[in-house]
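The next block is my_file_12.pdb, given as PDB, N, CA and C atoms.
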MODEL        1
ATOM      1  N   MET A   1     -29.274  -1.777   5.716
ATOM      2  CA  MET A   1     -29.082  -2.672   4.597
ATOM      3  C   MET A   1     -27.940  -3.633   4.935
ATOM      4  N   HIS A   2     -28.173  -4.894   4.778
ATOM      5  CA  HIS A   2     -27.180  -5.912   5.084
ATOM      6  C   HIS A   2     -26.472  -6.349   3.804
ATOM      7  N   SER A   3     -25.174  -6.539   3.928
ATOM      8  CA  SER A   3     -24.397  -7.000   2.778
ATOM      9  C   SER A   3     -24.485  -8.510   2.681
ATOM     10  N   THR A   4     -24.581  -8.985   1.475
ATOM     11  CA  THR A   4     -24.560 -10.421   1.273
ATOM     12  C   THR A   4     -23.114 -10.890   1.298
ATOM     13  N   GLN A   5     -22.936 -12.180   1.443
ATOM     14  CA  GLN A   5     -21.591 -12.747   1.466
ATOM     15  C   GLN A   5     -20.855 -12.436   0.164
ATOM     16  N   SER A   6     -21.546 -12.475  -0.958
ATOM     17  CA  SER A   6     -20.897 -12.195  -2.239
ATOM     18  C   SER A   6     -20.488 -10.731  -2.344
ATOM     19  N   GLU A   7     -21.282  -9.815  -1.748
ATOM     20  CA  GLU A   7     -20.909  -8.395  -1.748
ATOM     21  C   GLU A   7     -19.663  -8.155  -0.899
ATOM     22  N   VAL A   8     -19.589  -8.829   0.231
ATOM     23  CA  VAL A   8     -18.420  -8.711   1.103
ATOM     24  C   VAL A   8     -17.194  -9.263   0.396
ATOM     25  N   LEU A   9     -17.348 -10.391  -0.266
ATOM     26  CA  LEU A   9     -16.243 -10.996  -1.002
ATOM     27  C   LEU A   9     -15.774 -10.072  -2.125
ATOM     28  N   MET A  10     -16.706  -9.470  -2.854
ATOM     29  CA  MET A  10     -16.350  -8.552  -3.929
ATOM     30  C   MET A  10     -15.615  -7.335  -3.369
ATOM     31  N   TYR A  11     -16.109  -6.788  -2.264
ATOM     32  CA  TYR A  11     -15.452  -5.646  -1.634
ATOM     33  C   TYR A  11     -14.023  -6.011  -1.238
ATOM     34  N   SER A  12     -13.850  -7.198  -0.665
ATOM     35  CA  SER A  12     -12.517  -7.650  -0.261
ATOM     36  C   SER A  12     -11.591  -7.776  -1.459
ATOM     37  N   ARG A  13     -12.100  -8.315  -2.542
ATOM     38  CA  ARG A  13     -11.284  -8.480  -3.753
ATOM     39  C   ARG A  13     -10.882  -7.127  -4.341
ATOM     40  N   VAL A  14     -11.830  -6.210  -4.381
ATOM     41  CA  VAL A  14     -11.540  -4.883  -4.918
ATOM     42  C   VAL A  14     -10.517  -4.178  -4.034
ATOM     43  N   THR A  15     -10.680  -4.285  -2.731
ATOM     44  CA  THR A  15      -9.730  -3.687  -1.792
ATOM     45  C   THR A  15      -8.355  -4.301  -1.967
ATOM     46  N   MET A  16      -8.300  -5.626  -2.064
ATOM     47  CA  MET A  16      -7.017  -6.305  -2.250
ATOM     48  C   MET A  16      -6.352  -5.860  -3.553
ATOM     49  N   LEU A  17      -7.133  -5.723  -4.610
ATOM     50  CA  LEU A  17      -6.560  -5.297  -5.887
ATOM     51  C   LEU A  17      -5.952  -3.901  -5.752
ATOM     52  N   GLY A  18      -6.673  -3.007  -5.119
ATOM     53  CA  GLY A  18      -6.155  -1.658  -4.905
ATOM     54  C   GLY A  18      -4.876  -1.677  -4.094
ATOM     55  N   LEU A  19      -4.842  -2.502  -3.055
ATOM     56  CA  LEU A  19      -3.653  -2.591  -2.209
ATOM     57  C   LEU A  19      -2.488  -3.239  -2.943
ATOM     58  N   LEU A  20      -2.789  -4.136  -3.878
ATOM     59  CA  LEU A  20      -1.718  -4.737  -4.680
ATOM     60  C   LEU A  20      -1.145  -3.728  -5.677
ATOM     61  N   MET A  21      -1.947  -2.757  -6.046
ATOM     62  CA  MET A  21      -1.474  -1.740  -6.985
ATOM     63  C   MET A  21      -0.518  -0.779  -6.277
ATOM     64  N   LYS A  22      -0.933  -0.309  -5.073
ATOM     65  CA  LYS A  22      -0.140   0.703  -4.379
ATOM     66  C   LYS A  22      -0.648   0.867  -2.951
ATOM     67  N   CYS A  23       0.276   1.170  -2.065
ATOM     68  CA  CYS A  23      -0.093   1.519  -0.691
ATOM     69  C   CYS A  23      -0.842   2.847  -0.730
ATOM     70  N   PRO A  24      -1.902   3.020   0.067
ATOM     71  CA  PRO A  24      -2.635   4.287   0.044
ATOM     72  C   PRO A  24      -1.835   5.458   0.618
ATOM     73  N   PHE A  25      -0.720   5.161   1.276
ATOM     74  CA  PHE A  25       0.153   6.214   1.786
ATOM     75  C   PHE A  25       1.324   6.382   0.830
ATOM     76  N   LYS A  26       2.153   7.351   1.101
ATOM     77  CA  LYS A  26       3.271   7.635   0.196
ATOM     78  C   LYS A  26       4.139   6.405  -0.017
ATOM     79  N   SER A  27       4.381   5.678   1.059
ATOM     80  CA  SER A  27       5.161   4.435   0.940
ATOM     81  C   SER A  27       4.674   3.437   1.974
ATOM     82  N   ALA A  28       4.806   2.168   1.638
ATOM     83  CA  ALA A  28       4.390   1.097   2.542
ATOM     84  C   ALA A  28       5.441   0.913   3.627
ATOM     85  N   LEU A  29       4.986   0.479   4.777
ATOM     86  CA  LEU A  29       5.921   0.157   5.856
ATOM     87  C   LEU A  29       6.655  -1.133   5.506
ATOM     88  N   PRO A  30       7.871  -1.310   6.015
ATOM     89  CA  PRO A  30       8.647  -2.516   5.694
ATOM     90  C   PRO A  30       7.933  -3.820   6.065
ATOM     91  N   GLU A  31       7.117  -3.794   7.097
ATOM     92  CA  GLU A  31       6.445  -5.019   7.540
ATOM     93  C   GLU A  31       5.139  -5.323   6.797
ATOM     94  N   CYS A  32       4.791  -4.520   5.809
ATOM     95  CA  CYS A  32       3.563  -4.757   5.048
ATOM     96  C   CYS A  32       3.648  -6.100   4.325
ATOM     97  N   PRO A  33       2.646  -6.969   4.524
ATOM     98  CA  PRO A  33       2.679  -8.281   3.874
ATOM     99  C   PRO A  33       2.516  -8.211   2.356
ATOM    100  N   LEU A  34       2.100  -7.075   1.848
ATOM    101  CA  LEU A  34       1.911  -6.944   0.406
ATOM    102  C   LEU A  34       3.166  -6.471  -0.318
ATOM    103  N   ASN A  35       4.186  -6.076   0.421
ATOM    104  CA  ASN A  35       5.416  -5.602  -0.227
ATOM    105  C   ASN A  35       5.956  -6.626  -1.216
ATOM    106  N   GLY A  36       5.977  -7.870  -0.832
ATOM    107  CA  GLY A  36       6.498  -8.906  -1.713
ATOM    108  C   GLY A  36       5.569  -9.234  -2.872
ATOM    109  N   LEU A  37       4.304  -8.832  -2.753
ATOM    110  CA  LEU A  37       3.327  -9.133  -3.799
ATOM    111  C   LEU A  37       3.130  -7.971  -4.769
ATOM    112  N   ARG A  38       3.487  -6.775  -4.326
ATOM    113  CA  ARG A  38       3.402  -5.624  -5.235
ATOM    114  C   ARG A  38       4.559  -5.740  -6.210
ATOM    115  N   SER A  39       4.224  -5.755  -7.431
ATOM    116  CA  SER A  39       5.274  -5.898  -8.435
ATOM    117  C   SER A  39       4.769  -5.336  -9.753
ATOM    118  N   ASP A  40       5.528  -5.569 -10.758
ATOM    119  CA  ASP A  40       5.151  -5.112 -12.087
ATOM    120  C   ASP A  40       4.305  -6.148 -12.824
ATOM    121  N   LEU A  41       3.652  -7.020 -12.071
ATOM    122  CA  LEU A  41       2.775  -8.010 -12.705
ATOM    123  C   LEU A  41       1.685  -7.300 -13.503
ATOM    124  N   PRO A  42       1.308  -7.849 -14.623
ATOM    125  CA  PRO A  42       0.162  -7.289 -15.351
ATOM    126  C   PRO A  42      -1.103  -7.387 -14.486
ATOM    127  N   LEU A  43      -2.041  -6.523 -14.746
ATOM    128  CA  LEU A  43      -3.277  -6.470 -13.970
ATOM    129  C   LEU A  43      -3.972  -7.832 -13.906
ATOM    130  N   ILE A  44      -4.023  -8.560 -15.023
ATOM    131  CA  ILE A  44      -4.699  -9.863 -15.042
ATOM    132  C   ILE A  44      -4.019 -10.839 -14.076
ATOM    133  N   GLU A  45      -2.707 -10.738 -13.938
ATOM    134  CA  GLU A  45      -1.989 -11.609 -13.004
ATOM    135  C   GLU A  45      -2.313 -11.237 -11.557
ATOM    136  N   LYS A  46      -2.524  -9.963 -11.313
ATOM    137  CA  LYS A  46      -2.921  -9.534  -9.963
ATOM    138  C   LYS A  46      -4.311 -10.063  -9.638
ATOM    139  N   PHE A  47      -5.222 -10.042 -10.620
ATOM    140  CA  PHE A  47      -6.553 -10.629 -10.424
ATOM    141  C   PHE A  47      -6.419 -12.120 -10.084
ATOM    142  N   ARG A  48      -5.600 -12.821 -10.825
ATOM    143  CA  ARG A  48      -5.402 -14.259 -10.577
ATOM    144  C   ARG A  48      -4.828 -14.504  -9.193
ATOM    145  N   LEU A  49      -3.879 -13.677  -8.804
ATOM    146  CA  LEU A  49      -3.270 -13.807  -7.488
ATOM    147  C   LEU A  49      -4.323 -13.681  -6.390
ATOM    148  N   ILE A  50      -5.192 -12.701  -6.520
ATOM    149  CA  ILE A  50      -6.258 -12.501  -5.529
ATOM    150  C   ILE A  50      -7.204 -13.694  -5.509
ATOM    151  N   GLU A  51      -7.570 -14.186  -6.680
ATOM    152  CA  GLU A  51      -8.485 -15.334  -6.764
ATOM    153  C   GLU A  51      -7.885 -16.586  -6.124
ATOM    154  N   CYS A  52      -6.570 -16.726  -6.205
ATOM    155  CA  CYS A  52      -5.906 -17.928  -5.676
ATOM    156  C   CYS A  52      -5.505 -17.786  -4.212
ATOM    157  N   LEU A  53      -5.608 -16.586  -3.687
ATOM    158  CA  LEU A  53      -5.193 -16.352  -2.303
ATOM    159  C   LEU A  53      -6.158 -17.020  -1.335
ATOM    160  N   ASN A  54      -5.618 -17.719  -0.371
ATOM    161  CA  ASN A  54      -6.406 -18.372   0.669
ATOM    162  C   ASN A  54      -7.278 -17.313   1.356
ATOM    163  N   PRO A  55      -8.580 -17.563   1.537
ATOM    164  CA  PRO A  55      -9.470 -16.572   2.164
ATOM    165  C   PRO A  55      -9.015 -16.152   3.562
ATOM    166  N   ILE A  56      -8.452 -17.069   4.312
ATOM    167  CA  ILE A  56      -7.972 -16.721   5.657
ATOM    168  C   ILE A  56      -6.783 -15.768   5.549
ATOM    169  N   THR A  57      -5.884 -16.051   4.621
ATOM    170  CA  THR A  57      -4.738 -15.169   4.403
ATOM    171  C   THR A  57      -5.216 -13.799   3.949
ATOM    172  N   GLN A  58      -6.196 -13.784   3.072
ATOM    173  CA  GLN A  58      -6.757 -12.519   2.585
ATOM    174  C   GLN A  58      -7.348 -11.725   3.749
ATOM    175  N   GLU A  59      -8.087 -12.384   4.635
ATOM    176  CA  GLU A  59      -8.659 -11.717   5.808
ATOM    177  C   GLU A  59      -7.566 -11.148   6.698
ATOM    178  N   GLN A  60      -6.486 -11.915   6.893
ATOM    179  CA  GLN A  60      -5.378 -11.462   7.736
ATOM    180  C   GLN A  60      -4.707 -10.234   7.128
ATOM    181  N   ILE A  61      -4.508 -10.250   5.831
ATOM    182  CA  ILE A  61      -3.887  -9.106   5.152
ATOM    183  C   ILE A  61      -4.778  -7.872   5.285
ATOM    184  N   LEU A  62      -6.072  -8.037   5.071
ATOM    185  CA  LEU A  62      -6.996  -6.902   5.174
ATOM    186  C   LEU A  62      -7.073  -6.382   6.604
ATOM    187  N   ALA A  63      -7.058  -7.278   7.584
ATOM    188  CA  ALA A  63      -7.080  -6.857   8.990
ATOM    189  C   ALA A  63      -5.818  -6.065   9.329
ATOM    190  N   GLN A  64      -4.670  -6.554   8.850
ATOM    191  CA  GLN A  64      -3.422  -5.833   9.100
ATOM    192  C   GLN A  64      -3.441  -4.477   8.405
ATOM    193  N   HIS A  65      -3.996  -4.437   7.195
ATOM    194  CA  HIS A  65      -4.108  -3.167   6.474
ATOM    195  C   HIS A  65      -4.957  -2.180   7.264
ATOM    196  N   HIS A  66      -6.101  -2.609   7.774
ATOM    197  CA  HIS A  66      -6.985  -1.702   8.511
ATOM    198  C   HIS A  66      -6.305  -1.177   9.778
ATOM    199  N   THR A  67      -5.593  -2.046  10.472
ATOM    200  CA  THR A  67      -4.867  -1.628  11.669
ATOM    201  C   THR A  67      -3.807  -0.592  11.307
ATOM    202  N   CYS A  68      -3.033  -0.882  10.273
ATOM    203  CA  CYS A  68      -1.980   0.030   9.815
ATOM    204  C   CYS A  68      -2.589   1.362   9.359
ATOM    205  N   TYR A  69      -3.640   1.289   8.575
ATOM    206  CA  TYR A  69      -4.302   2.482   8.049
ATOM    207  C   TYR A  69      -4.764   3.385   9.194
ATOM    208  N   ASN A  70      -5.456   2.796  10.172
ATOM    209  CA  ASN A  70      -5.969   3.580  11.294
ATOM    210  C   ASN A  70      -4.837   4.211  12.094
ATOM    211  N   LYS A  71      -3.784   3.465  12.326
ATOM    212  CA  LYS A  71      -2.638   3.977  13.081
ATOM    213  C   LYS A  71      -1.977   5.135  12.337
ATOM    214  N   ARG A  72      -1.773   4.972  11.046
ATOM    215  CA  ARG A  72      -1.112   6.018  10.270
ATOM    216  C   ARG A  72      -1.998   7.244  10.104
ATOM    217  N   MET A  73      -3.304   7.040   9.982
ATOM    218  CA  MET A  73      -4.223   8.171   9.857
ATOM    219  C   MET A  73      -4.227   9.010  11.125
ATOM    220  N   LYS A  74      -4.129   8.364  12.285
ATOM    221  CA  LYS A  74      -4.093   9.104  13.549
ATOM    222  C   LYS A  74      -2.895  10.043  13.600
ATOM    223  N   ASN A  75      -1.823   9.680  12.901
ATOM    224  CA  ASN A  75      -0.618  10.495  12.902
ATOM    225  C   ASN A  75      -0.690  11.679  11.941
ATOM    226  N   ILE A  76      -1.624  11.652  10.987
ATOM    227  CA  ILE A  76      -1.666  12.740  10.005
ATOM    228  C   ILE A  76      -2.943  13.575  10.041
ATOM    229  N   ILE A  77      -3.977  13.084  10.694
ATOM    230  CA  ILE A  77      -5.249  13.799  10.737
ATOM    231  C   ILE A  77      -5.406  14.485  12.088
ATOM    232  N   THR A  78      -5.768  15.746  12.051
ATOM    233  CA  THR A  78      -6.027  16.444  13.299
ATOM    234  C   THR A  78      -7.437  16.087  13.765
ATOM    235  N   PRO A  79      -7.638  16.012  15.072
ATOM    236  CA  PRO A  79      -8.964  15.669  15.575
ATOM    237  C   PRO A  79     -10.008  16.686  15.128
ATOM    238  N   CYS A  80     -11.231  16.217  14.996
ATOM    239  CA  CYS A  80     -12.334  17.105  14.652
ATOM    240  C   CYS A  80     -12.574  18.052  15.815
ATOM    241  N   PRO A  81     -13.114  19.223  15.523
ATOM    242  CA  PRO A  81     -13.437  20.140  16.614
ATOM    243  C   PRO A  81     -14.501  19.513  17.514
ATOM    244  N   ASP A  82     -14.604  20.007  18.735
ATOM    245  CA  ASP A  82     -15.576  19.428  19.662
ATOM    246  C   ASP A  82     -16.996  19.620  19.138
ATOM    247  N   ASN A  83     -17.922  18.899  19.733
ATOM    248  CA  ASN A  83     -19.315  18.892  19.261
ATOM    249  C   ASN A  83     -20.020  20.221  19.430
ATOM    250  N   SER A  84     -19.432  21.161  20.176
ATOM    251  CA  SER A  84     -20.095  22.447  20.368
ATOM    252  C   SER A  84     -20.195  23.233  19.067
ATOM    253  N   GLN A  85     -19.388  22.877  18.082
ATOM    254  CA  GLN A  85     -19.427  23.570  16.801
ATOM    255  C   GLN A  85     -20.116  22.742  15.725
ATOM    256  N   THR A  86     -20.824  21.691  16.135
ATOM    257  CA  THR A  86     -21.515  20.834  15.185
ATOM    258  C   THR A  86     -23.012  21.101  15.276
ATOM    259  N   SER A  87     -23.642  21.315  14.157
ATOM    260  CA  SER A  87     -25.076  21.600  14.139
ATOM    261  C   SER A  87     -25.882  20.306  14.239
ATOM    262  N   ASP A  88     -27.185  20.447  14.260
ATOM    263  CA  ASP A  88     -28.065  19.286  14.353
ATOM    264  C   ASP A  88     -27.920  18.353  13.156
ATOM    265  N   ASP A  89     -27.406  18.863  12.032
ATOM    266  CA  ASP A  89     -27.253  18.014  10.855
ATOM    267  C   ASP A  89     -25.975  17.178  10.922
ATOM    268  N   GLY A  90     -25.201  17.342  12.005
ATOM    269  CA  GLY A  90     -23.992  16.542  12.185
ATOM    270  C   GLY A  90     -22.788  17.075  11.434
ATOM    271  N   ILE A  91     -22.937  18.233  10.810
ATOM    272  CA  ILE A  91     -21.857  18.817  10.032
ATOM    273  C   ILE A  91     -21.159  19.892  10.842
ATOM    274  N   SER A  92     -19.869  19.823  10.875
ATOM    275  CA  SER A  92     -19.096  20.834  11.585
ATOM    276  C   SER A  92     -19.138  22.134  10.802
ATOM    277  N   HIS A  93     -19.461  23.202  11.501
ATOM    278  CA  HIS A  93     -19.535  24.507  10.861
ATOM    279  C   HIS A  93     -18.492  25.447  11.442
ATOM    280  N   ALA A  94     -17.383  24.872  11.883
ATOM    281  CA  ALA A  94     -16.297  25.673  12.446
ATOM    282  C   ALA A  94     -15.691  26.541  11.348
ATOM    283  N   HIS A  95     -15.316  27.718  11.715
ATOM    284  CA  HIS A  95     -14.698  28.614  10.758
ATOM    285  C   HIS A  95     -13.199  28.428  10.817
ATOM    286  N   SER A  96     -12.590  28.288   9.674
ATOM    287  CA  SER A  96     -11.142  28.140   9.657
ATOM    288  C   SER A  96     -10.520  29.468   9.287
ATOM    289  N   SER A  97      -9.375  29.713   9.877
ATOM    290  CA  SER A  97      -8.660  30.940   9.511
ATOM    291  C   SER A  97      -7.573  30.577   8.516
ATOM    292  N   ARG A  98      -7.600  31.206   7.401
ATOM    293  CA  ARG A  98      -6.617  30.914   6.350
ATOM    294  C   ARG A  98      -5.670  32.043   6.203
TER
ENDMDL
END

Using the file provided, produce a representation of the structure as structure tokens.
Amino acid sequence: MHSTQSEVLMYSRVTMLGLLMKCPFKSALPECPLNGLRSDLPLIEKFRLIECLNPITQEQILAQHHTCYNKRMKNIITPCPDNSQTSDDGISHAHSSR
């Protein structure tokens, strides 16, 4: 299924709104471009901010977010077990010891 341009734009806007509300991690890094934009603005003002944001700037912010997200996730997520413990359905059936 292919996304239409309007679906991609909507996804970007929703993602930007979420990022304007809060960093998905405990705290944002100092170099996050959204630090200066996260504020106590009312929700409607955040919507307006996203609507007025240059599309190229929005793309750059989202690209930086994805890079940051992936880098930070690598630091907190343990690798999946090797494929020898994965069944034909693609689901890992490794037993964990608790």

Point to revise | Output check: residues returned by the PyMOL selection byres (((chain A and resi 38 and name CA) around 12) and name CA), as a ChimeraX atom specification | key: /A:16-23,27-28,32-37,39-43,45-46,49-50

Take every atom of segment 75-80 of chain A listed in the file, fit an axis-aligned box around them, add 6 Å per side, and give the centre and edge lengths in Å to one decimal as AutoDock Vina command-line options.
--center_x -6.6 --center_y 13.9 --center_z 12.9 --size_x 24.0 --size_y 20.4 --size_z 17.8

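Put simply, atom C of Phe25 of chain A is 21.9 Å away from atom CA of Phe47 of chain A.
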
Check your understanding: Where in chain A does DSSP assign alpha helix (DSSP H), given as a VMD selection string?
Key -> chain A and resid 5 to 21 43 to 52 55 to 76

Those same residues - N, CA and C atoms - I'd like them written as a short mmCIF file (atom, residue, chain, number, x, y, z; two decimals), in the frame of the given file.
data_model
loop_
_atom_site.label_atom_id
_atom_site.label_comp_id
_atom_site.auth_asym_id
_atom_site.auth_seq_id
_atom_site.Cartn_x
_atom_site.Cartn_y
_atom_site.Cartn_z
N GLN A 5 -22.94 -12.18 1.44
CA GLN A 5 -21.59 -12.75 1.47
C GLN A 5 -20.86 -12.44 0.16
N SER A 6 -21.55 -12.48 -0.96
CA SER A 6 -20.90 -12.20 -2.24
C SER A 6 -20.49 -10.73 -2.34
N GLU A 7 -21.28 -9.82 -1.75
CA GLU A 7 -20.91 -8.40 -1.75
C GLU A 7 -19.66 -8.15 -0.90
N VAL A 8 -19.59 -8.83 0.23
CA VAL A 8 -18.42 -8.71 1.10
C VAL A 8 -17.19 -9.26 0.40
N LEU A 9 -17.35 -10.39 -0.27
CA LEU A 9 -16.24 -11.00 -1.00
C LEU A 9 -15.77 -10.07 -2.12
N MET A 10 -16.71 -9.47 -2.85
CA MET A 10 -16.35 -8.55 -3.93
C MET A 10 -15.62 -7.34 -3.37
N TYR A 11 -16.11 -6.79 -2.26
CA TYR A 11 -15.45 -5.65 -1.63
C TYR A 11 -14.02 -6.01 -1.24
N SER A 12 -13.85 -7.20 -0.66
CA SER A 12 -12.52 -7.65 -0.26
C SER A 12 -11.59 -7.78 -1.46
N ARG A 13 -12.10 -8.32 -2.54
CA ARG A 13 -11.28 -8.48 -3.75
C ARG A 13 -10.88 -7.13 -4.34
N VAL A 14 -11.83 -6.21 -4.38
CA VAL A 14 -11.54 -4.88 -4.92
C VAL A 14 -10.52 -4.18 -4.03
N THR A 15 -10.68 -4.28 -2.73
CA THR A 15 -9.73 -3.69 -1.79
C THR A 15 -8.36 -4.30 -1.97
N MET A 16 -8.30 -5.63 -2.06
CA MET A 16 -7.02 -6.30 -2.25
C MET A 16 -6.35 -5.86 -3.55
N LEU A 17 -7.13 -5.72 -4.61
CA LEU A 17 -6.56 -5.30 -5.89
C LEU A 17 -5.95 -3.90 -5.75
N GLY A 18 -6.67 -3.01 -5.12
CA GLY A 18 -6.16 -1.66 -4.90
C GLY A 18 -4.88 -1.68 -4.09
N LEU A 19 -4.84 -2.50 -3.06
CA LEU A 19 -3.65 -2.59 -2.21
C LEU A 19 -2.49 -3.24 -2.94
N LEU A 20 -2.79 -4.14 -3.88
CA LEU A 20 -1.72 -4.74 -4.68
C LEU A 20 -1.14 -3.73 -5.68
N MET A 21 -1.95 -2.76 -6.05
CA MET A 21 -1.47 -1.74 -6.98
C MET A 21 -0.52 -0.78 -6.28
N LEU A 43 -2.04 -6.52 -14.75
CA LEU A 43 -3.28 -6.47 -13.97
C LEU A 43 -3.97 -7.83 -13.91
N ILE A 44 -4.02 -8.56 -15.02
CA ILE A 44 -4.70 -9.86 -15.04
C ILE A 44 -4.02 -10.84 -14.08
N GLU A 45 -2.71 -10.74 -13.94
CA GLU A 45 -1.99 -11.61 -13.00
C GLU A 45 -2.31 -11.24 -11.56
N LYS A 46 -2.52 -9.96 -11.31
CA LYS A 46 -2.92 -9.53 -9.96
C LYS A 46 -4.31 -10.06 -9.64
N PHE A 47 -5.22 -10.04 -10.62
CA PHE A 47 -6.55 -10.63 -10.42
C PHE A 47 -6.42 -12.12 -10.08
N ARG A 48 -5.60 -12.82 -10.82
CA ARG A 48 -5.40 -14.26 -10.58
C ARG A 48 -4.83 -14.50 -9.19
N LEU A 49 -3.88 -13.68 -8.80
CA LEU A 49 -3.27 -13.81 -7.49
C LEU A 49 -4.32 -13.68 -6.39
N ILE A 50 -5.19 -12.70 -6.52
CA ILE A 50 -6.26 -12.50 -5.53
C ILE A 50 -7.20 -13.69 -5.51
N GLU A 51 -7.57 -14.19 -6.68
CA GLU A 51 -8.48 -15.33 -6.76
C GLU A 51 -7.88 -16.59 -6.12
N CYS A 52 -6.57 -16.73 -6.20
CA CYS A 52 -5.91 -17.93 -5.68
C CYS A 52 -5.50 -17.79 -4.21
N PRO A 55 -8.58 -17.56 1.54
CA PRO A 55 -9.47 -16.57 2.16
C PRO A 55 -9.02 -16.15 3.56
N ILE A 56 -8.45 -17.07 4.31
CA ILE A 56 -7.97 -16.72 5.66
C ILE A 56 -6.78 -15.77 5.55
N THR A 57 -5.88 -16.05 4.62
CA THR A 57 -4.74 -15.17 4.40
C THR A 57 -5.22 -13.80 3.95
N GLN A 58 -6.20 -13.78 3.07
CA GLN A 58 -6.76 -12.52 2.58
C GLN A 58 -7.35 -11.72 3.75
N GLU A 59 -8.09 -12.38 4.64
CA GLU A 59 -8.66 -11.72 5.81
C GLU A 59 -7.57 -11.15 6.70
N GLN A 60 -6.49 -11.92 6.89
CA GLN A 60 -5.38 -11.46 7.74
C GLN A 60 -4.71 -10.23 7.13
N ILE A 61 -4.51 -10.25 5.83
CA ILE A 61 -3.89 -9.11 5.15
C ILE A 61 -4.78 -7.87 5.28
N LEU A 62 -6.07 -8.04 5.07
CA LEU A 62 -7.00 -6.90 5.17
C LEU A 62 -7.07 -6.38 6.60
N ALA A 63 -7.06 -7.28 7.58
CA ALA A 63 -7.08 -6.86 8.99
C ALA A 63 -5.82 -6.06 9.33
N GLN A 64 -4.67 -6.55 8.85
CA GLN A 64 -3.42 -5.83 9.10
C GLN A 64 -3.44 -4.48 8.40
N HIS A 65 -4.00 -4.44 7.20
CA HIS A 65 -4.11 -3.17 6.47
C HIS A 65 -4.96 -2.18 7.26
N HIS A 66 -6.10 -2.61 7.77
CA HIS A 66 -6.98 -1.70 8.51
C HIS A 66 -6.30 -1.18 9.78
N THR A 67 -5.59 -2.05 10.47
CA THR A 67 -4.87 -1.63 11.67
C THR A 67 -3.81 -0.59 11.31
N CYS A 68 -3.03 -0.88 10.27
CA CYS A 68 -1.98 0.03 9.82
C CYS A 68 -2.59 1.36 9.36
N TYR A 69 -3.64 1.29 8.57
CA TYR A 69 -4.30 2.48 8.05
C TYR A 69 -4.76 3.38 9.19
N ASN A 70 -5.46 2.80 10.17
CA ASN A 70 -5.97 3.58 11.29
C ASN A 70 -4.84 4.21 12.09
N LYS A 71 -3.78 3.46 12.33
CA LYS A 71 -2.64 3.98 13.08
C LYS A 71 -1.98 5.14 12.34
N ARG A 72 -1.77 4.97 11.05
CA ARG A 72 -1.11 6.02 10.27
C ARG A 72 -2.00 7.24 10.10
N MET A 73 -3.30 7.04 9.98
CA MET A 73 -4.22 8.17 9.86
C MET A 73 -4.23 9.01 11.12
N LYS A 74 -4.13 8.36 12.28
CA LYS A 74 -4.09 9.10 13.55
C LYS A 74 -2.90 10.04 13.60
N ASN A 75 -1.82 9.68 12.90
CA ASN A 75 -0.62 10.50 12.90
C ASN A 75 -0.69 11.68 11.94
N ILE A 76 -1.62 11.65 10.99
CA ILE A 76 -1.67 12.74 10.01
C ILE A 76 -2.94 13.58 10.04
#

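Those residues that approach segment 59-65 of chain A to within 8 Å, counting only N, CA and C atoms, are Ser12, Thr15, Met16, Cys32, Pro33, Leu34, Leu53, Asn54, Pro55, Ile56, Cys68, Tyr69, Asn70 and Lys71 of chain A; same-chain residues fewer than 3 positions away are not listed.
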